[in-house]
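Peer 1: So that you have it, the file is run28.pdb, and it contains PDB, C-alpha atoms and all ligand atoms:
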MODEL        1
ATOM      1  CA  MET A 869     113.566 106.051  81.141
ATOM      2  CA  LYS A 870     110.005 106.732  80.035
ATOM      3  CA  ASN A 871     109.463 109.649  77.665
ATOM      4  CA  GLN A 872     106.115 110.584  79.119
ATOM      5  CA  LEU A 873     104.349 110.331  82.449
ATOM      6  CA  LEU A 874     102.573 107.029  82.944
ATOM      7  CA  LYS A 875      98.889 107.022  83.725
ATOM      8  CA  ARG A 876      96.904 104.980  86.212
ATOM      9  CA  ARG A 877      93.176 104.323  86.297
ATOM     10  CA  LEU A 878      91.328 106.397  88.897
ATOM     11  CA  GLY A 879      89.077 103.615  90.147
ATOM     12  CA  ARG A 880      85.523 103.418  88.870
ATOM     13  CA  THR A 881      85.701 106.899  87.332
ATOM     14  CA  ASN A 882      87.717 105.148  84.608
ATOM     15  CA  LEU A 883      89.693 108.363  84.210
ATOM     16  CA  GLN A 884      93.321 107.834  83.230
ATOM     17  CA  VAL A 885      95.362 110.110  85.472
ATOM     18  CA  THR A 886      99.080 110.801  85.376
ATOM     19  CA  GLU A 887     100.934 109.322  88.345
ATOM     20  CA  LEU A 888     102.018 112.843  89.222
ATOM     21  CA  GLY A 889      99.245 115.322  89.834
ATOM     22  CA  PHE A 890      99.391 119.033  90.628
ATOM     23  CA  GLY A 891      98.237 120.199  94.067
ATOM     24  CA  ALA A 892      97.251 123.820  93.518
ATOM     25  CA  MET A 893      96.552 124.763  97.139
ATOM     26  CA  ASP A 894      99.574 127.048  97.702
ATOM     27  CA  THR A 895     100.393 127.834  94.061
ATOM     28  CA  PRO A 896      98.762 131.306  93.939
ATOM     29  CA  GLN A 897     100.892 132.435  96.908
ATOM     30  CA  VAL A 898     103.910 133.332  94.739
ATOM     31  CA  PRO A 899     104.283 135.154  91.395
ATOM     32  CA  GLU A 900     105.940 132.045  89.893
ATOM     33  CA  GLY A 901     102.827 129.979  90.649
ATOM     34  CA  LYS A 902     101.252 130.558  87.260
ATOM     35  CA  ASP A 903     104.409 129.369  85.465
ATOM     36  CA  ALA A 904     104.596 126.355  87.767
ATOM     37  CA  LEU A 905     101.105 125.307  86.735
ATOM     38  CA  LEU A 906     101.781 126.022  83.050
ATOM     39  CA  SER A 907     104.985 124.024  83.106
ATOM     40  CA  ALA A 908     103.310 121.074  84.858
ATOM     41  CA  ILE A 909     100.691 120.840  82.122
ATOM     42  CA  ASN A 910     103.264 121.372  79.382
ATOM     43  CA  LEU A 911     105.292 118.507  80.850
ATOM     44  CA  GLY A 912     102.263 116.228  80.679
ATOM     45  CA  VAL A 913     100.674 116.378  84.147
ATOM     46  CA  ASN A 914      96.942 115.931  83.523
ATOM     47  CA  PHE A 915      95.401 116.021  87.027
ATOM     48  CA  ILE A 916      94.955 119.314  88.888
ATOM     49  CA  ASP A 917      93.545 119.469  92.394
ATOM     50  CA  THR A 918      92.046 122.622  93.833
ATOM     51  CA  ALA A 919      89.294 123.591  96.285
ATOM     52  CA  ARG A 920      86.878 126.407  96.945
ATOM     53  CA  ILE A 921      88.822 127.328 100.068
ATOM     54  CA  TYR A 922      92.272 127.522  98.412
ATOM     55  CA  ASP A 923      92.577 131.286  98.058
ATOM     56  CA  GLY A 924      93.010 132.330  94.439
ATOM     57  CA  SER A 925      93.608 128.776  93.225
ATOM     58  CA  GLU A 926      90.492 128.276  91.094
ATOM     59  CA  PHE A 927      90.948 131.760  89.632
ATOM     60  CA  LEU A 928      94.554 130.951  88.663
ATOM     61  CA  ILE A 929      93.478 127.697  87.015
ATOM     62  CA  GLY A 930      90.765 129.591  85.127
ATOM     63  CA  GLN A 931      93.415 131.954  83.761
ATOM     64  CA  ILE A 932      95.578 129.247  82.254
ATOM     65  CA  LEU A 933      92.962 126.744  81.057
ATOM     66  CA  PRO A 934      92.166 128.540  77.770
ATOM     67  CA  SER A 935      95.737 127.768  76.589
ATOM     68  CA  PHE A 936      95.046 124.030  76.675
ATOM     69  CA  ASN A 937      92.696 121.438  75.250
ATOM     70  CA  ARG A 938      90.103 121.010  78.005
ATOM     71  CA  ASP A 939      89.685 117.309  77.264
ATOM     72  CA  ASP A 940      93.366 116.627  77.993
ATOM     73  CA  LEU A 941      92.967 117.745  81.608
ATOM     74  CA  ILE A 942      91.222 116.379  84.657
ATOM     75  CA  ILE A 943      90.151 119.097  87.057
ATOM     76  CA  ALA A 944      89.187 118.279  90.632
ATOM     77  CA  SER A 945      87.771 120.750  93.128
ATOM     78  CA  LYS A 946      86.141 120.491  96.558
ATOM     79  CA  THR A 947      83.561 122.019  98.841
ATOM     80  CA  ILE A 948      83.717 122.401 102.568
ATOM     81  CA  ASN A 949      79.974 123.070 102.576
ATOM     82  CA  ARG A 950      77.794 120.442 104.235
ATOM     83  CA  THR A 951      74.364 121.405 102.891
ATOM     84  CA  ARG A 952      72.664 120.604  99.582
ATOM     85  CA  ASP A 953      72.273 124.249  98.572
ATOM     86  CA  GLY A 954      75.721 125.238  99.842
ATOM     87  CA  ALA A 955      77.415 122.444  97.878
ATOM     88  CA  GLN A 956      75.531 123.433  94.714
ATOM     89  CA  HIS A 957      76.448 127.068  95.225
ATOM     90  CA  ASP A 958      80.108 126.041  95.519
ATOM     91  CA  VAL A 959      79.953 124.017  92.292
ATOM     92  CA  ASP A 960      78.535 127.099  90.543
ATOM     93  CA  ARG A 961      81.303 129.320  91.987
ATOM     94  CA  SER A 962      84.007 126.836  90.936
ATOM     95  CA  LEU A 963      82.612 126.640  87.404
ATOM     96  CA  SER A 964      82.451 130.384  87.079
ATOM     97  CA  LEU A 965      85.920 131.060  88.544
ATOM     98  CA  MET A 966      87.558 128.423  86.352
ATOM     99  CA  ASN A 967      85.402 129.408  83.383
ATOM    100  CA  LEU A 968      84.317 125.823  82.847
ATOM    101  CA  ASN A 969      81.021 124.189  81.985
ATOM    102  CA  ARG A 970      81.886 120.950  83.778
ATOM    103  CA  ILE A 971      84.271 119.744  86.453
ATOM    104  CA  ASP A 972      85.589 116.187  86.266
ATOM    105  CA  LEU A 973      85.643 115.479  89.985
ATOM    106  CA  TYR A 974      84.015 117.347  92.868
ATOM    107  CA  GLN A 975      84.909 116.286  96.398
ATOM    108  CA  LEU A 976      83.476 116.794  99.847
ATOM    109  CA  ASP A 977      86.456 118.414 101.540
ATOM    110  CA  ASP A 978      87.986 117.577 104.932
ATOM    111  CA  VAL A 979      85.018 115.572 106.182
ATOM    112  CA  ALA A 980      85.117 114.849 109.929
ATOM    113  CA  MET A 981      83.160 112.163 111.762
ATOM    114  CA  GLU A 982      80.597 114.675 112.996
ATOM    115  CA  ASP A 983      79.966 115.767 109.395
ATOM    116  CA  TRP A 984      79.009 112.304 108.158
ATOM    117  CA  ASP A 985      75.313 112.425 109.043
ATOM    118  CA  LEU A 986      75.093 116.036 107.855
ATOM    119  CA  ILE A 987      76.417 115.295 104.390
ATOM    120  CA  LEU A 988      74.226 112.204 103.961
ATOM    121  CA  GLN A 989      70.957 113.565 105.336
ATOM    122  CA  GLU A 990      68.160 114.910 103.175
ATOM    123  CA  ASN A 991      69.275 118.361 102.007
ATOM    124  CA  GLY A 992      72.890 117.404 102.797
ATOM    125  CA  ALA A 993      75.945 118.151 100.647
ATOM    126  CA  LEU A 994      75.981 114.748  98.931
ATOM    127  CA  GLU A 995      72.478 115.401  97.622
ATOM    128  CA  GLY A 996      73.698 118.763  96.309
ATOM    129  CA  LEU A 997      76.578 117.101  94.432
ATOM    130  CA  LYS A 998      74.256 114.421  93.052
ATOM    131  CA  ILE A 999      72.001 117.147  91.673
ATOM    132  CA  ALA A1000      75.041 118.905  90.172
ATOM    133  CA  LYS A1001      76.011 115.592  88.570
ATOM    134  CA  TYR A1002      72.480 115.073  87.256
ATOM    135  CA  ARG A1003      72.638 118.574  85.754
ATOM    136  CA  GLY A1004      75.896 117.658  83.988
ATOM    137  CA  LEU A1005      77.982 120.164  85.955
ATOM    138  CA  ILE A1006      80.274 117.583  87.535
ATOM    139  CA  ASN A1007      81.172 114.090  86.369
ATOM    140  CA  HIS A1008      82.247 112.272  89.543
ATOM    141  CA  ILE A1009      81.884 112.666  93.308
ATOM    142  CA  GLY A1010      84.723 112.139  95.786
ATOM    143  CA  ILE A1011      85.524 112.643  99.451
ATOM    144  CA  SER A1012      88.601 113.799 101.346
ATOM    145  CA  SER A1013      89.284 113.368 105.029
ATOM    146  CA  HIS A1014      92.021 113.276 107.660
ATOM    147  CA  ASP A1015      90.025 110.960 109.912
ATOM    148  CA  LEU A1016      91.009 107.350 109.233
ATOM    149  CA  SER A1017      87.805 105.879 110.723
ATOM    150  CA  LEU A1018      85.729 108.209 108.574
ATOM    151  CA  ILE A1019      87.678 107.213 105.451
ATOM    152  CA  ASP A1020      86.989 103.584 106.293
ATOM    153  CA  ILE A1021      83.257 104.277 106.618
ATOM    154  CA  ALA A1022      83.266 106.255 103.363
ATOM    155  CA  ILE A1023      84.948 103.357 101.531
ATOM    156  CA  GLU A1024      82.474 100.843 102.954
ATOM    157  CA  SER A1025      79.536 103.067 101.980
ATOM    158  CA  LYS A1026      80.532 102.813  98.294
ATOM    159  CA  LEU A1027      78.933 106.246  97.835
ATOM    160  CA  PHE A1028      82.059 107.897  96.443
ATOM    161  CA  ASP A1029      84.025 107.423  93.226
ATOM    162  CA  THR A1030      87.288 108.627  94.775
ATOM    163  CA  VAL A1031      88.864 109.119  98.165
ATOM    164  CA  MET A1032      91.669 111.564  98.958
ATOM    165  CA  ILE A1033      93.938 110.177 101.652
ATOM    166  CA  GLU A1034      97.126 111.515 103.234
ATOM    167  CA  TYR A1035     100.001 109.135 102.475
ATOM    168  CA  SER A1036     103.778 109.643 102.627
ATOM    169  CA  ALA A1037     106.942 108.258 104.188
ATOM    170  CA  PHE A1038     106.085 110.474 107.169
ATOM    171  CA  TYR A1039     102.555 109.149 107.330
ATOM    172  CA  SER A1040     102.158 105.646 105.972
ATOM    173  CA  GLU A1041      99.563 104.432 108.505
ATOM    174  CA  THR A1042      96.996 104.840 105.777
ATOM    175  CA  TYR A1043      98.462 102.098 103.570
ATOM    176  CA  ASN A1044      95.684  99.621 104.414
ATOM    177  CA  LEU A1045      93.018 102.201 103.635
ATOM    178  CA  THR A1046      94.569 102.889 100.223
ATOM    179  CA  LYS A1047      94.479  99.137  99.621
ATOM    180  CA  LYS A1048      90.873  98.766 100.752
ATOM    181  CA  ALA A1049      89.757 101.658  98.555
ATOM    182  CA  TYR A1050      91.641 100.227  95.574
ATOM    183  CA  GLN A1051      90.087  96.802  96.115
ATOM    184  CA  ASN A1052      86.650  98.449  96.106
ATOM    185  CA  ASP A1053      87.457 100.177  92.803
ATOM    186  CA  ILE A1054      87.453 103.603  94.449
ATOM    187  CA  GLY A1055      90.067 105.930  92.939
ATOM    188  CA  VAL A1056      92.790 106.812  95.453
ATOM    189  CA  ILE A1057      94.336 110.289  95.451
ATOM    190  CA  ALA A1058      97.356 110.791  97.736
ATOM    191  CA  MET A1059      97.442 114.199  99.383
ATOM    192  CA  ARG A1060     100.532 115.660 101.120
ATOM    193  CA  PRO A1061     102.765 113.063  99.416
ATOM    194  CA  LEU A1062     105.977 114.874 100.398
ATOM    195  CA  GLY A1063     104.967 115.424 104.008
ATOM    196  CA  GLY A1064     102.669 118.420 103.555
ATOM    197  CA  SER A1065     103.399 122.122 103.191
ATOM    198  CA  GLY A1066     103.401 124.467 106.144
ATOM    199  CA  ARG A1067     103.979 121.745 108.740
ATOM    200  CA  MET A1068     106.900 120.319 110.646
ATOM    201  CA  THR A1069     107.562 117.649 108.041
ATOM    202  CA  SER A1070     107.273 120.147 105.193
ATOM    203  CA  LEU A1071     110.175 119.978 102.763
ATOM    204  CA  ARG A1072     110.454 123.731 103.219
ATOM    205  CA  THR A1073     111.264 123.204 106.898
ATOM    206  CA  VAL A1074     113.442 120.164 106.254
ATOM    207  CA  MET A1075     115.484 122.012 103.639
ATOM    208  CA  GLU A1076     115.765 125.203 105.695
ATOM    209  CA  ARG A1077     117.307 123.121 108.443
ATOM    210  CA  ASN A1078     119.577 121.259 106.040
ATOM    211  CA  SER A1079     118.067 118.009 107.216
ATOM    212  CA  LEU A1080     117.939 116.260 103.848
ATOM    213  CA  SER A1081     119.673 112.892 103.935
ATOM    214  CA  ASP A1082     120.240 110.062 101.475
ATOM    215  CA  ASN A1083     116.873 108.599 102.336
ATOM    216  CA  ILE A1084     115.012 111.892 102.633
ATOM    217  CA  THR A1085     115.162 113.787  99.381
ATOM    218  CA  PRO A1086     112.231 115.161  97.412
ATOM    219  CA  SER A1087     112.808 112.294  94.928
ATOM    220  CA  ASN A1088     112.891 109.541  97.542
ATOM    221  CA  LEU A1089     109.773 110.845  99.200
ATOM    222  CA  LEU A1090     107.963 110.926  95.883
ATOM    223  CA  GLU A1091     109.215 107.453  94.919
ATOM    224  CA  PHE A1092     107.905 106.138  98.226
ATOM    225  CA  VAL A1093     104.371 107.235  97.357
ATOM    226  CA  LEU A1094     104.594 106.193  93.698
ATOM    227  CA  SER A1095     105.588 102.719  94.874
ATOM    228  CA  ASN A1096     102.150 102.250  96.421
ATOM    229  CA  SER A1097     100.221 100.950  93.432
ATOM    230  CA  ASN A1098      96.881 101.360  95.211
ATOM    231  CA  ILE A1099      97.308 105.083  94.624
ATOM    232  CA  ALA A1100      96.277 106.437  91.237
ATOM    233  CA  VAL A1101      97.689 109.947  91.543
ATOM    234  CA  SER A1102     100.009 111.768  93.946
ATOM    235  CA  ILE A1103      99.153 115.445  94.084
ATOM    236  CA  VAL A1104     102.380 117.213  94.954
ATOM    237  CA  GLY A1105     101.885 120.793  96.093
ATOM    238  CA  THR A1106     104.117 122.982  93.951
ATOM    239  CA  ARG A1107     104.686 126.708  93.614
ATOM    240  CA  TYR A1108     107.870 126.924  91.526
ATOM    241  CA  PRO A1109     108.511 125.720  87.938
ATOM    242  CA  ASP A1110     111.939 124.227  88.735
ATOM    243  CA  ARG A1111     110.352 122.000  91.379
ATOM    244  CA  VAL A1112     107.711 120.877  88.903
ATOM    245  CA  LYS A1113     110.480 119.960  86.461
ATOM    246  CA  SER A1114     112.459 118.037  89.028
ATOM    247  CA  ASN A1115     109.355 116.138  90.195
ATOM    248  CA  VAL A1116     108.493 115.224  86.609
ATOM    249  CA  GLU A1117     112.090 113.985  86.133
ATOM    250  CA  THR A1118     111.723 111.812  89.225
ATOM    251  CA  VAL A1119     108.513 110.283  87.947
ATOM    252  CA  LEU A1120     110.004 109.623  84.520
ATOM    253  CA  HIS A1121     113.017 107.827  86.032
ATOM    254  CA  TYR A1122     111.743 106.072  89.141
ATOM    255  CA  LYS A1123     111.406 102.379  89.752
ATOM    256  CA  HIS A1124     109.228 100.940  92.501
ATOM    257  CA  LEU A1125     111.093 100.840  95.826
ATOM    258  CA  ASN A1126     111.441  97.377  97.296
ATOM    259  CA  ASN A1127     110.334  96.668 100.861
ATOM    260  CA  SER A1128     113.734  97.315 102.386
ATOM    261  CA  GLU A1129     114.113 100.622 100.517
ATOM    262  CA  LYS A1130     110.622 101.650 101.662
ATOM    263  CA  GLU A1131     111.495 100.716 105.236
ATOM    264  CA  LYS A1132     114.699 102.821 105.100
ATOM    265  CA  CYS A1133     112.739 105.782 103.808
ATOM    266  CA  LYS A1134     110.117 105.397 106.551
ATOM    267  CA  GLN A1135     112.750 105.052 109.251
ATOM    268  CA  ALA A1136     114.618 108.115 108.034
ATOM    269  CA  ALA A1137     111.332 110.025 107.961
ATOM    270  CA  GLY A1138     110.531 108.840 111.489
ATOM    271  CA  LYS A1139     113.964 109.941 112.780
ATOM    272  CA  LEU A1140     113.640 113.289 111.076
ATOM    273  CA  PHE A1141     110.200 113.754 112.595
ATOM    274  CA  GLU A1142     111.665 113.220 116.086
ATOM    275  CA  LEU A1143     114.517 115.612 115.334
ATOM    276  CA  LEU A1144     112.229 118.349 114.086
TER
HETATM  277  N1  LIG B1201      91.761 117.721 101.254
HETATM  278  C1  LIG B1201      92.566 118.145 102.167
HETATM  279  O1  LIG B1201      92.205 118.234 103.356
HETATM  280  C2  LIG B1201      93.967 118.537 101.783
HETATM  281  C3  LIG B1201      94.851 118.949 102.747
HETATM  282  C4  LIG B1201      96.125 119.266 102.368
HETATM  283  C5  LIG B1201      96.475 119.181 101.039
HETATM  284  N2  LIG B1201      95.605 118.771 100.102
HETATM  285  C6  LIG B1201      95.990 118.656  98.669
HETATM  286  O2  LIG B1201      97.255 118.019  98.570
HETATM  287  C7  LIG B1201      98.163 118.857  97.829
HETATM  288  C8  LIG B1201      99.551 118.660  98.329
HETATM  289  O3  LIG B1201      99.642 118.929  99.706
HETATM  290  P1  LIG B1201     100.754 119.871 100.335
HETATM  291  O4  LIG B1201     101.164 120.938  99.391
HETATM  292  O5  LIG B1201     100.278 120.277 101.685
HETATM  293  O6  LIG B1201     101.947 118.859 100.600
HETATM  294  P2  LIG B1201     103.085 118.122  99.736
HETATM  295  O7  LIG B1201     102.706 118.007  98.337
HETATM  296  O8  LIG B1201     103.441 116.919 100.496
HETATM  297  O9  LIG B1201     104.318 119.097  99.910
HETATM  298  C9  LIG B1201     104.409 120.319  99.281
HETATM  299  C10 LIG B1201     105.717 120.927  99.739
HETATM  300  O10 LIG B1201     106.791 120.268  99.070
HETATM  301  C11 LIG B1201     107.595 121.215  98.447
HETATM  302  N3  LIG B1201     108.126 120.641  97.210
HETATM  303  C12 LIG B1201     107.455 120.125  96.157
HETATM  304  N4  LIG B1201     108.303 119.634  95.242
HETATM  305  C13 LIG B1201     109.555 119.850  95.725
HETATM  306  C14 LIG B1201     110.867 119.592  95.240
HETATM  307  N5  LIG B1201     111.088 118.995  94.075
HETATM  308  N6  LIG B1201     111.921 119.963  96.000
HETATM  309  C15 LIG B1201     111.729 120.567  97.175
HETATM  310  N7  LIG B1201     110.526 120.846  97.699
HETATM  311  C16 LIG B1201     109.446 120.485  96.977
HETATM  312  C17 LIG B1201     106.717 122.428  98.205
HETATM  313  O11 LIG B1201     107.516 123.535  98.248
HETATM  314  P3  LIG B1201     107.196 124.892  97.471
HETATM  315  O12 LIG B1201     105.728 125.147  97.633
HETATM  316  O13 LIG B1201     108.031 125.867  98.154
HETATM  317  O14 LIG B1201     107.552 124.628  96.054
HETATM  318  C18 LIG B1201     105.782 122.380  99.413
HETATM  319  O15 LIG B1201     106.383 123.006 100.531
HETATM  320  C19 LIG B1201      97.609 120.272  98.038
HETATM  321  O16 LIG B1201      98.049 121.178  97.041
HETATM  322  C20 LIG B1201      96.134 120.019  97.976
HETATM  323  O17 LIG B1201      95.733 119.925  96.615
HETATM  324  C21 LIG B1201      94.361 118.435 100.451
ENDMDL
END
Can you dump the structure from the file as structure tokens?

Peer 2:
Amino acid sequence: MKNQLLKRRLGRTNLQVTELGFGAMDTPQVPEGKDALLSAINLGVNFIDTARIYDGSEFLIGQILPSFNRDDLIIASKTINRTRDGAQHDVDRSLSLMNLNRIDLYQLDDVAMEDWDLILQENGALEGLKIAKYRGLINHIGISSHDLSLIDIAIESKLFDTVMIEYSAFYSETYNLTKKAYQNDIGVIAMRPLGGSGRMTSLRTVMERNSLSDNITPSNLLEFVLSNSNIAVSIVGTRYPDRVKSNVETVLHYKHLNNSEKEKCKQAAGKLFELL
């Protein structure tokens, strides 16, 4: 067993990120959220993902950051804005809500195919983030998308330091994209690694229906994603401290799944998907 979380290099950002990251999208929804975030950092998680549109998330992060050494943490936020001025405004709002003077990674959030020209054009959001970088407000620029063709184009463009891609036992179609990004030295961040919250495959739903099986447990699902070495960090959405602890335990103890174990996990996830 390791005694601390291992780190992986986040592509050309050269940032060393813990294999387990903290997805702070839903965290502010419950009173325990603050303790969940505190316990993640205390247990060594160094990557926190938030976004302008995650209600209360940046504010919550801003409340706890003063308790820690800023340089030990890597903070990532995102903008849904597609214009130069809008993206810059969002960077300013993120900085002020989190009480920071710089953000390690700022991402263009949920980019669809029809957004591509908008973000790249003169006065588009990418220009806004480049200006923010030039002004020293953000260090790196990333992109997140649910459209696989768009992710492919973004990787080929080499315009982004990181790419956030959905990847899990429920949704492993993106494996080749994680590989392509890795090969291009673009940092890969896995979103929805346990199947996503608030959806059919959500562990909340699976557990409510008592559908956990030997191959579908929170640990197995996490091990499945950790076993993809193209991925630098898996940002598990967490709201409760006990879940943070159990995920950290998993990451400290896991070994890479072999192909047959991965296949079993995928098949079980596929069956569960049909059942749900
Ligand atoms: N860019 C984008 O478009 C986008 C979209 C979606 C998500 N994201 C990012 O990805 C992060 C993760 O996504 P996500 O939260 O949707 O999905 P996820 O991480 O796959 O799943 C989170 C769900 O798993 C549950 N969970 C976590 N650890 C558990 C454990 N040990 N035992 C049982 N249940 C456990 C959580 O439950 P509880 O909450 O009840 O603890 C929550 O329901 C988000 O926070 C966000 O940062 C980005």

Peer 1: Step by step, work through what the PyMOL selection byres (((chain A and resi 1090) around 10) and not hetatm) selects in the shown file, and finish by giving those residues as number ranges by chain.

Peer 2: A: 888, 1036-1037, 1061-1063, 1084-1089, 1091-1095, 1102, 1104, 1115, 1118-1119, 1122

Peer 1: Pick out the residues no farther than 6 Å from ligand LIG 1201 (chain B), counting all atoms listed in the file, and list them as a PDB file with C-alpha atoms, in the coordinates of the input.

Peer 2:
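Below you can see out.pdb, which holds the result:
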ATOM      1  CA  GLY A 891      98.237 120.199  94.067  1.00  0.00           C
ATOM      2  CA  ALA A 892      97.251 123.820  93.518  1.00  0.00           C
ATOM      3  CA  MET A 893      96.552 124.763  97.139  1.00  0.00           C
ATOM      4  CA  ASP A 917      93.545 119.469  92.394  1.00  0.00           C
ATOM      5  CA  THR A 918      92.046 122.622  93.833  1.00  0.00           C
ATOM      6  CA  ASP A 977      86.456 118.414 101.540  1.00  0.00           C
ATOM      7  CA  ASP A 978      87.986 117.577 104.932  1.00  0.00           C
ATOM      8  CA  SER A1012      88.601 113.799 101.346  1.00  0.00           C
ATOM      9  CA  SER A1013      89.284 113.368 105.029  1.00  0.00           C
ATOM     10  CA  MET A1059      97.442 114.199  99.383  1.00  0.00           C
ATOM     11  CA  ARG A1060     100.532 115.660 101.120  1.00  0.00           C
ATOM     12  CA  PRO A1061     102.765 113.063  99.416  1.00  0.00           C
ATOM     13  CA  LEU A1062     105.977 114.874 100.398  1.00  0.00           C
ATOM     14  CA  GLY A1063     104.967 115.424 104.008  1.00  0.00           C
ATOM     15  CA  GLY A1064     102.669 118.420 103.555  1.00  0.00           C
ATOM     16  CA  SER A1065     103.399 122.122 103.191  1.00  0.00           C
ATOM     17  CA  SER A1070     107.273 120.147 105.193  1.00  0.00           C
ATOM     18  CA  LEU A1071     110.175 119.978 102.763  1.00  0.00           C
ATOM     19  CA  ARG A1072     110.454 123.731 103.219  1.00  0.00           C
ATOM     20  CA  PRO A1086     112.231 115.161  97.412  1.00  0.00           C
ATOM     21  CA  ILE A1103      99.153 115.445  94.084  1.00  0.00           C
ATOM     22  CA  VAL A1104     102.380 117.213  94.954  1.00  0.00           C
ATOM     23  CA  GLY A1105     101.885 120.793  96.093  1.00  0.00           C
ATOM     24  CA  THR A1106     104.117 122.982  93.951  1.00  0.00           C
ATOM     25  CA  ARG A1107     104.686 126.708  93.614  1.00  0.00           C
ATOM     26  CA  TYR A1108     107.870 126.924  91.526  1.00  0.00           C
ATOM     27  CA  ARG A1111     110.352 122.000  91.379  1.00  0.00           C
ATOM     28  CA  SER A1114     112.459 118.037  89.028  1.00  0.00           C
ATOM     29  CA  ASN A1115     109.355 116.138  90.195  1.00  0.00           C
TER      30      ASN A1115
END

Peer 1: Once the PyMOL selection byres (((chain A and resi 1054) around 6) and not hetatm) is applied to the coordinates I shared, what remains selected? I want it as a ChimeraX atom specification.

Peer 2: /A:879-880,1029-1030,1049-1050,1052-1053,1055

Peer 1: Between A:Ile909, A:Leu994, A:Ile921, A:Met1068, single out the one closest to Phe1038 (chain A), counting all atoms listed in the file.

Peer 2: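 So, comparing all the options, the nearest one is A:Met1068.
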
Peer 1: For a cutoff of 12 Å around the file-coordinate point (104.6, 118.1, 84.2), which residues qualify once you count all atoms listed in the file? I'd like the result as JSON, numbers by chain.

Peer 2: {"A": [871, 872, 873, 874, 886, 887, 888, 889, 890, 891, 903, 904, 905, 906, 907, 908, 909, 910, 911, 912, 913, 914, 915, 916, 941, 1103, 1104, 1106, 1108, 1109, 1110, 1111, 1112, 1113, 1114, 1115, 1116, 1117, 1118, 1119, 1120]}

Peer 1: Using Å and a single decimal, report how far CA of Asp1015 (chain A) sits from CA of Ser1128 (chain A).

Peer 2: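 Answer for the CA of Ser1128 (chain A) to CA of Asp1015 (chain A) separation: 28.4 Å.
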